[in-house]
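*Asks:* Structure file model09.cif, mmCIF, C-alpha atoms, is pasted below:
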```
data_data
#
loop_
_atom_site.label_atom_id
_atom_site.label_comp_id
_atom_site.auth_asym_id
_atom_site.auth_seq_id
_atom_site.Cartn_x
_atom_site.Cartn_y
_atom_site.Cartn_z
CA MET Z 1 121.75 133.64 83.94
CA ILE Z 2 123.07 130.12 83.81
CA ASP Z 3 125.46 130.71 86.72
CA GLN Z 4 122.35 130.34 88.85
CA ILE Z 5 122.10 126.68 87.91
CA ASN Z 6 124.36 124.00 89.27
CA MET Z 7 125.07 122.33 85.91
CA SER Z 8 126.77 119.38 87.50
CA GLU Z 9 123.66 118.60 89.54
CA THR Z 10 121.39 119.35 86.58
CA LEU Z 11 123.28 116.84 84.43
CA ILE Z 12 123.09 114.04 87.02
CA ASP Z 13 119.42 114.78 87.79
CA ALA Z 14 118.53 114.74 84.10
CA ALA Z 15 120.26 111.37 83.63
CA LYS Z 16 118.47 109.96 86.71
CA GLU Z 17 115.11 111.11 85.39
CA VAL Z 18 115.72 109.57 81.95
CA PHE Z 19 117.04 106.28 83.32
CA GLN Z 20 114.21 105.91 85.83
CA THR Z 21 111.32 106.81 83.57
CA MET Z 22 112.46 105.67 80.12
CA ILE Z 23 115.07 102.95 80.57
CA PHE Z 24 114.01 101.45 83.91
CA MET Z 25 117.54 101.32 85.27
CA SER Z 26 119.19 103.28 88.04
CA ILE Z 27 122.13 105.60 87.46
CA SER Z 28 124.18 107.33 90.15
CA GLU Z 29 127.32 109.41 90.53
CA LYS Z 30 130.32 107.28 91.50
CA GLU Z 31 132.17 108.05 94.68
CA ASP Z 32 135.45 107.39 92.94
CA GLN Z 33 135.63 109.95 90.12
CA GLU Z 34 139.25 109.20 89.22
CA THR Z 35 139.21 105.74 87.59
CA LYS Z 36 138.87 105.81 83.82
CA LEU Z 37 136.53 103.78 81.65
CA VAL Z 38 138.45 100.86 80.14
CA GLY Z 39 137.91 98.73 77.06
CA ASN Z 40 135.60 99.48 74.19
CA THR Z 41 133.00 102.16 74.89
CA TYR Z 42 130.16 103.92 73.10
CA MET Z 43 129.85 107.69 73.35
CA GLY Z 44 126.73 109.53 72.24
CA THR Z 45 127.18 113.28 71.80
CA ILE Z 46 124.72 116.00 71.03
CA SER Z 47 125.77 119.57 70.35
CA PHE Z 48 123.82 122.71 71.08
CA LYS Z 49 124.08 126.35 70.10
CA GLY Z 50 122.32 129.58 70.97
CA ASP Z 51 122.92 131.59 74.15
CA ILE Z 52 125.18 128.74 75.24
CA GLU Z 53 127.07 126.41 72.91
CA GLY Z 54 128.82 123.14 73.46
CA CYS Z 55 128.26 119.44 73.66
CA LEU Z 56 126.66 116.92 76.00
CA GLY Z 57 128.06 113.39 76.03
CA VAL Z 58 127.05 110.04 77.51
CA THR Z 59 129.66 107.27 77.44
CA PHE Z 60 129.07 103.65 78.41
CA GLU Z 61 131.21 100.56 78.55
CA MET Z 62 130.03 97.95 76.05
CA ALA Z 63 128.17 95.86 78.65
CA ALA Z 64 126.30 98.94 79.88
CA ALA Z 65 125.34 99.92 76.33
CA GLN Z 66 124.05 96.37 75.79
CA ALA Z 67 121.97 96.44 78.98
CA ILE Z 68 120.54 99.85 78.08
CA ALA Z 69 119.66 98.80 74.52
CA THR Z 70 118.10 95.56 75.84
CA ASN Z 71 115.86 97.56 78.17
CA MET Z 72 114.98 100.24 75.65
CA LEU Z 73 114.10 97.72 72.97
CA CYS Z 74 112.32 95.38 75.44
CA LEU Z 75 114.49 92.45 74.42
CA GLU Z 76 115.10 89.30 76.46
CA PRO Z 77 118.23 89.69 78.65
CA ASP Z 78 120.17 87.07 76.64
CA GLU Z 79 119.25 88.36 73.18
CA THR Z 80 122.18 89.80 71.27
CA VAL Z 81 121.88 93.42 70.24
CA ALA Z 82 123.10 94.48 66.80
CA ASP Z 83 125.89 97.11 66.72
CA GLU Z 84 123.54 99.52 64.97
CA ASP Z 85 120.90 99.12 67.70
CA LEU Z 86 123.55 99.70 70.40
CA ALA Z 87 124.60 102.92 68.69
CA ASP Z 88 120.99 104.06 68.23
CA ALA Z 89 120.24 103.35 71.90
CA VAL Z 90 123.23 105.36 73.13
CA GLY Z 91 122.36 108.22 70.76
CA GLU Z 92 118.81 108.18 72.08
CA VAL Z 93 120.05 108.35 75.70
CA ALA Z 94 122.09 111.46 74.78
CA ASN Z 95 119.01 112.90 73.11
CA MET Z 96 116.72 112.29 76.09
CA VAL Z 97 119.20 113.60 78.68
CA MET Z 98 119.77 116.70 76.55
CA GLY Z 99 116.00 117.14 76.30
CA VAL Z 100 115.69 117.33 80.09
CA VAL Z 101 118.78 119.57 80.44
CA LYS Z 102 117.43 121.89 77.72
CA GLY Z 103 114.16 122.24 79.62
CA ARG Z 104 116.04 123.35 82.75
CA LEU Z 105 118.31 125.72 80.81
CA LEU Z 106 115.35 127.40 79.13
CA ASP Z 107 114.22 128.64 82.55
CA HIS Z 108 117.34 130.84 82.43
CA LEU Z 109 118.22 131.28 78.75
CA GLU Z 110 116.31 132.50 75.70
CA SER Z 111 117.33 130.02 73.04
CA ILE Z 112 119.12 126.70 72.72
CA GLU Z 113 119.03 124.71 69.53
CA ILE Z 114 120.09 121.07 69.73
CA SER Z 115 121.55 118.87 67.01
CA ILE Z 116 120.78 115.24 66.26
CA PRO Z 117 123.00 112.85 68.26
CA THR Z 118 126.16 111.29 66.87
CA VAL Z 119 127.65 108.10 68.28
CA VAL Z 120 131.31 107.12 68.31
CA SER Z 121 132.70 103.82 69.55
CA GLY Z 122 136.31 103.28 70.58
CA ARG Z 123 138.71 103.18 73.50
CA ASP Z 124 139.93 106.00 75.77
CA LEU Z 125 137.23 108.30 74.41
CA LYS Z 126 137.46 111.88 75.53
CA SER Z 127 135.34 114.78 74.41
CA ASN Z 128 137.30 117.95 73.57
CA VAL Z 129 136.06 121.40 72.78
CA GLY Z 130 137.38 124.78 73.70
CA ASP Z 131 135.12 125.38 76.67
CA SER Z 132 134.72 127.61 79.67
CA LEU Z 133 132.51 125.12 81.50
CA ARG Z 134 133.69 121.50 81.64
CA ILE Z 135 131.79 118.92 83.70
CA VAL Z 136 132.77 115.26 83.53
CA LYS Z 137 131.07 112.83 85.92
CA ARG Z 138 131.76 109.13 86.30
CA VAL Z 139 128.55 107.21 86.93
CA SER Z 140 127.34 103.70 87.71
CA VAL Z 141 124.45 102.32 85.68
CA GLU Z 142 123.48 99.55 88.07
CA SER Z 143 126.59 97.32 88.03
CA PHE Z 144 127.98 98.91 84.87
CA GLU Z 145 130.28 101.85 84.20
CA GLY Z 146 129.57 105.11 82.44
CA GLU Z 147 130.42 108.79 82.21
CA LEU Z 148 128.42 111.96 81.59
CA SER Z 149 129.94 115.15 80.23
CA PHE Z 150 128.77 118.69 79.57
CA LEU Z 151 131.20 121.05 77.85
CA ALA Z 152 130.04 124.52 77.02
CA ARG Z 153 130.84 128.15 76.50
CA TYR Z 154 128.49 131.10 76.79
CA ASN Z 155 127.81 133.46 73.92
CA GLY Z 156 127.45 137.15 74.49
CA MET K 1 117.68 114.70 44.39
CA ILE K 2 120.83 113.75 46.16
CA ASP K 3 121.14 110.46 44.26
CA GLN K 4 122.40 112.65 41.45
CA ILE K 5 125.52 113.52 43.44
CA ASN K 6 128.39 111.15 43.97
CA MET K 7 128.72 111.77 47.72
CA SER K 8 131.96 109.87 47.95
CA GLU K 9 133.56 112.12 45.34
CA THR K 10 131.93 115.22 46.87
CA LEU K 11 133.44 114.38 50.26
CA ILE K 12 136.96 113.87 48.90
CA ASP K 13 136.73 116.99 46.69
CA ALA K 14 135.54 119.11 49.62
CA ALA K 15 138.44 117.92 51.78
CA LYS K 16 140.91 118.63 48.96
CA GLU K 17 139.55 122.14 48.54
CA VAL K 18 139.76 122.87 52.28
CA PHE K 19 143.26 121.43 52.68
CA GLN K 20 144.62 123.23 49.62
CA THR K 21 143.13 126.66 50.26
CA MET K 22 142.94 126.85 54.05
CA ILE K 23 145.52 124.46 55.51
CA PHE K 24 148.15 124.44 52.75
CA MET K 25 148.56 120.67 52.86
CA SER K 26 147.60 118.01 50.33
CA ILE K 27 145.08 115.28 51.08
CA SER K 28 144.30 112.30 48.87
CA GLU K 29 142.33 109.09 48.91
CA LYS K 30 144.51 106.11 49.85
CA GLU K 31 144.80 103.20 47.44
CA ASP K 32 144.65 100.80 50.36
CA GLN K 33 141.27 101.40 51.99
CA GLU K 34 141.48 98.38 54.30
CA THR K 35 144.14 99.25 56.90
CA LYS K 36 142.78 100.87 60.03
CA LEU K 37 144.05 103.97 61.82
CA VAL K 38 146.15 102.93 64.82
CA GLY K 39 147.10 104.67 68.05
CA ASN K 40 145.50 107.76 69.47
CA THR K 41 143.36 109.73 67.04
CA TYR K 42 141.24 112.86 67.00
CA MET K 43 137.81 112.78 65.37
CA GLY K 44 135.85 115.92 64.59
CA THR K 45 132.18 115.37 63.84
CA ILE K 46 129.48 117.71 62.74
CA SER K 47 125.85 116.70 62.47
CA PHE K 48 123.25 118.03 60.09
CA LYS K 49 119.50 117.84 59.79
CA GLY K 50 116.86 118.94 57.31
CA ASP K 51 116.05 117.13 54.06
CA ILE K 52 118.98 114.87 54.89
CA GLU K 53 120.28 114.08 58.36
CA GLY K 54 123.45 112.49 59.61
CA CYS K 55 126.99 113.23 60.50
CA LEU K 56 130.25 114.12 58.77
CA GLY K 57 133.51 113.07 60.44
CA VAL K 58 137.21 113.78 59.95
CA THR K 59 139.63 111.58 61.87
CA PHE K 60 143.39 112.08 62.06
CA GLU K 61 146.22 110.27 63.77
CA MET K 62 147.85 112.44 66.42
CA ALA K 63 150.81 113.44 64.21
CA ALA K 64 148.44 114.52 61.43
CA ALA K 65 146.35 116.58 63.86
CA GLN K 66 149.54 118.24 65.08
CA ALA K 67 150.70 119.08 61.56
CA ILE K 68 147.26 120.46 60.67
CA ALA K 69 147.05 122.59 63.82
CA THR K 70 150.62 123.85 63.25
CA ASN K 71 149.69 124.98 59.73
CA MET K 72 146.33 126.48 60.70
CA LEU K 73 147.82 128.43 63.59
CA CYS K 74 150.95 129.41 61.60
CA LEU K 75 153.25 127.95 64.27
CA GLU K 76 156.85 126.91 63.78
CA PRO K 77 157.10 123.19 62.84
CA ASP K 78 158.75 122.28 66.15
CA GLU K 79 156.39 124.25 68.42
CA THR K 80 154.22 122.06 70.62
CA VAL K 81 150.49 122.41 70.18
CA ALA K 82 148.22 122.40 73.24
CA ASP K 83 145.59 119.62 73.39
CA GLU K 84 142.84 122.22 73.26
CA ASP K 85 144.29 123.78 70.10
CA LEU K 86 144.57 120.32 68.49
CA ALA K 87 140.91 119.68 69.23
CA ASP K 88 139.86 123.10 67.98
CA ALA K 89 141.84 122.63 64.75
CA VAL K 90 140.25 119.23 64.05
CA GLY K 91 136.79 120.64 64.83
CA GLU K 92 137.45 123.51 62.43
CA VAL K 93 138.50 121.07 59.67
CA ALA K 94 135.17 119.24 60.12
CA ASN K 95 133.39 122.59 59.99
CA MET K 96 135.12 123.75 56.81
CA VAL K 97 134.68 120.42 54.98
CA MET K 98 130.99 120.39 55.96
CA GLY K 99 130.69 123.96 54.71
CA VAL K 100 131.85 122.94 51.23
CA VAL K 101 129.72 119.75 51.24
CA LYS K 102 126.67 121.77 52.33
CA GLY K 103 127.16 124.15 49.41
CA ARG K 104 127.13 121.22 46.98
CA LEU K 105 124.11 119.58 48.64
CA LEU K 106 122.10 122.81 48.50
CA ASP K 107 122.19 122.57 44.69
CA HIS K 108 119.93 119.54 45.14
CA LEU K 109 118.18 119.97 48.51
CA GLU K 110 116.08 122.72 50.07
CA SER K 111 117.43 122.86 53.60
CA ILE K 112 120.34 121.56 55.65
CA GLU K 113 121.09 122.91 59.07
CA ILE K 114 124.51 122.11 60.53
CA SER K 115 125.56 121.84 64.18
CA ILE K 116 128.73 123.12 65.79
CA PRO K 117 131.56 120.55 65.64
CA THR K 118 132.37 118.17 68.48
CA VAL K 119 135.77 116.56 68.86
CA VAL K 120 136.52 113.20 70.46
CA SER K 121 139.96 111.74 71.00
CA GLY K 122 140.66 108.06 71.57
CA ARG K 123 141.65 104.82 69.90
CA ASP K 124 139.77 102.65 67.38
CA LEU K 125 137.25 105.47 66.83
CA LYS K 126 134.27 104.58 64.70
CA SER K 127 131.28 106.73 63.92
CA ASN K 128 127.93 104.94 64.25
CA VAL K 129 124.50 106.12 63.32
CA GLY K 130 121.59 104.27 61.82
CA ASP K 131 122.17 105.33 58.25
CA SER K 132 121.13 104.50 54.73
CA LEU K 133 124.22 106.11 53.21
CA ARG K 134 127.59 105.25 54.74
CA ILE K 135 130.80 106.52 53.17
CA VAL K 136 134.13 105.95 54.91
CA LYS K 137 137.32 106.90 53.06
CA ARG K 138 140.89 106.40 54.24
CA VAL K 139 143.06 109.34 53.23
CA SER K 140 146.67 110.47 53.32
CA VAL K 141 147.42 113.99 54.57
CA GLU K 142 150.90 114.28 53.08
CA SER K 143 152.81 111.56 54.99
CA PHE K 144 150.13 111.23 57.69
CA GLU K 145 147.05 109.09 58.06
CA GLY K 146 143.40 110.10 58.23
CA GLU K 147 139.85 109.11 57.47
CA LEU K 148 136.76 110.93 56.23
CA SER K 149 133.23 109.74 56.84
CA PHE K 150 129.74 110.79 55.79
CA LEU K 151 126.81 108.91 57.33
CA ALA K 152 123.32 110.00 56.45
CA ARG K 153 119.71 109.17 55.95
CA TYR K 154 117.14 111.03 53.87
CA ASN K 155 113.97 112.48 55.32
CA GLY K 156 110.71 112.27 53.38
#
```
Rewrite the coordinates I just gave you, this time as structure tokens.
*Replies:*
Amino acid sequence: MIDQINMSETLIDAAKEVFQTMIFMSISEKEDQETKLVGNTYMGTISFKGDIEGCLGVTFEMAAAQAIATNMLCLEPDETVADEDLADAVGEVANMVMGVVKGRLLDHLESIEISIPTVVSGRDLKSNVGDSLRIVKRVSVESFEGELSFLARYNG
Amino acid sequence: MIDQINMSETLIDAAKEVFQTMIFMSISEKEDQETKLVGNTYMGTISFKGDIEGCLGVTFEMAAAQAIATNMLCLEPDETVADEDLADAVGEVANMVMGVVKGRLLDHLESIEISIPTVVSGRDLKSNVGDSLRIVKRVSVESFEGELSFLARYNG
């Protein structure tokens, strides 16, 4: 069962793998987990259902989202990124991280079905679902700020 | 095809049906569509894929979310509602509105598969996906403020 996996570690490892191989940036867990993200942020969420149901989220401050989109779209560092491209990039990060997490979960579970990502921008974003498992990790994306979350409950 | 449906009207009608029959509150399109929601808000989103893919969102100011949760849970008007119950109530509104919208869409489309709802709280919330159809409607829920959104693109 899923209790055999350390989901917190799985989440961070999945993000590291995606950032290293697909975005060419480094991401790491922050030592200080208490400070909140400030200012305008983008949050990409992807929900899943099956033997486990819930939602994975990746949240980035605006500057982080811009750097990520710039790298993913192979733009010049000073090129401006359209709002729509920022949102698509953050949604795609959620999608890729969930892809890796799903692979790990399927070693222990029979079925997980994932949704398409949705992206919300705003301030003081916080993901809320009634959940038995709630992991929220503050991360650094190089010099930028971000947060990963995995909220879930088991079925059956 | 879906061009035959007025999605804007479908969205408002679905919300009216859900609020009248399940929440016992009235919801209506605001005359003034320009003013933004202020303060802390809850947004429930639900994504769908199939012949059409995208995301439906319901956003409510905190006081509206409280009134909705109070009615759904049959609480006394002055009882406080836990954050988790607020989030669950807003997620369930998204779920019910999407259920009605899905029924209407299936008169015109072959398949739509919907996700479980996710709920985000925060300020200045805005749903972003690369979309060909973008409907955002400010609504009144009795004396409270809210917003409905339907962002989608067609496949094939």
*Asks:* Just checking: using all atoms listed in the file, which residue out of Z:Thr45, Z:Thr59, Z:Ser143, Z:Ser111 ends up closest to chain K?
*Replies:*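 Closest to chain K, using all atoms listed in the file: Z:Thr45.
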*Asks:* Got a sec to check which residues sit within 9 Å of (137.3, 126.1, 69.4), counting only C-alpha atoms, and write them as number ranges by chain?
*Replies:* Z: 129-131; K: 84-85, 87-89, 91-92, 117
*Asks:* Quick one: residues within 8 Å of Ile46 in chain Z, all atoms listed in the file counted, chain neighbours fewer than 4 positions away excluded, as a ChimeraX atom specification?
*Replies:* /Z:55-57,94-95,98,114-118
*Asks:* Only residues of chain Z matter here; which ones have an atom within 6 Å of chain K, counting only C-alpha atoms? Give them as a PDB file with C-alpha atoms, in the coordinates of the input.
*Replies:*
```pdb
ATOM      1  CA  ALA Z  87     124.600 102.920  68.690  1.00  0.00           C
ATOM      2  CA  SER Z 115     121.550 118.870  67.010  1.00  0.00           C
ATOM      3  CA  VAL Z 119     127.650 108.100  68.280  1.00  0.00           C
ATOM      4  CA  VAL Z 120     131.310 107.120  68.310  1.00  0.00           C
ATOM      5  CA  SER Z 121     132.700 103.820  69.550  1.00  0.00           C
ATOM      6  CA  GLY Z 122     136.310 103.280  70.580  1.00  0.00           C
ATOM      7  CA  ARG Z 123     138.710 103.180  73.500  1.00  0.00           C
ATOM      8  CA  ASP Z 124     139.930 106.000  75.770  1.00  0.00           C
ATOM      9  CA  LEU Z 125     137.230 108.300  74.410  1.00  0.00           C
ATOM     10  CA  LYS Z 126     137.460 111.880  75.530  1.00  0.00           C
ATOM     11  CA  SER Z 127     135.340 114.780  74.410  1.00  0.00           C
ATOM     12  CA  ASN Z 128     137.300 117.950  73.570  1.00  0.00           C
TER      13      ASN Z 128
END
```
*Asks:* Measuring atom to atom with all atoms listed in the file, identify which of K:Val100, K:Ile68, K:Val141, K:Val136 is nearest to Glu17 in chain K.
*Replies:*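 Result for the nearest residue to Glu17 in chain K: K:Val100.
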*Asks:* For the provided coordinates, the residues matched by the PyMOL selection byres ((chain K and resi 101) around 9) should be stated as a VMD selection string.
*Replies:* chain K and resid 7 10 to 11 13 to 15 96 to 100 102 to 106
*Asks:* Dump C-alpha atoms for the selected residues as a compact mmCIF listing (two decimals), in the coordinates of the input?
*Replies:*
```
# COMPACT_ATOMS: atom_id res chain seq x y z
CA MET K 7 128.72 111.77 47.72
CA THR K 10 131.93 115.22 46.87
CA LEU K 11 133.44 114.38 50.26
CA ASP K 13 136.73 116.99 46.69
CA ALA K 14 135.54 119.11 49.62
CA ALA K 15 138.44 117.92 51.78
CA MET K 96 135.12 123.75 56.81
CA VAL K 97 134.68 120.42 54.98
CA MET K 98 130.99 120.39 55.96
CA GLY K 99 130.69 123.96 54.71
CA VAL K 100 131.85 122.94 51.23
CA LYS K 102 126.67 121.77 52.33
CA GLY K 103 127.16 124.15 49.41
CA ARG K 104 127.13 121.22 46.98
CA LEU K 105 124.11 119.58 48.64
CA LEU K 106 122.10 122.81 48.50
```
*Asks:* For the provided coordinates, the residues matched by the PyMOL selection byres ((chain K and resi 30) around 9) should be stated as a ChimeraX atom specification.
*Replies:* /K:28-29,31-33,137-140
*Asks:* Could you tell me how far CA of Ile12 in chain K lies from CA of Ile112 in chain K, in Å and to one decimal?
*Replies:* 19.5 Å
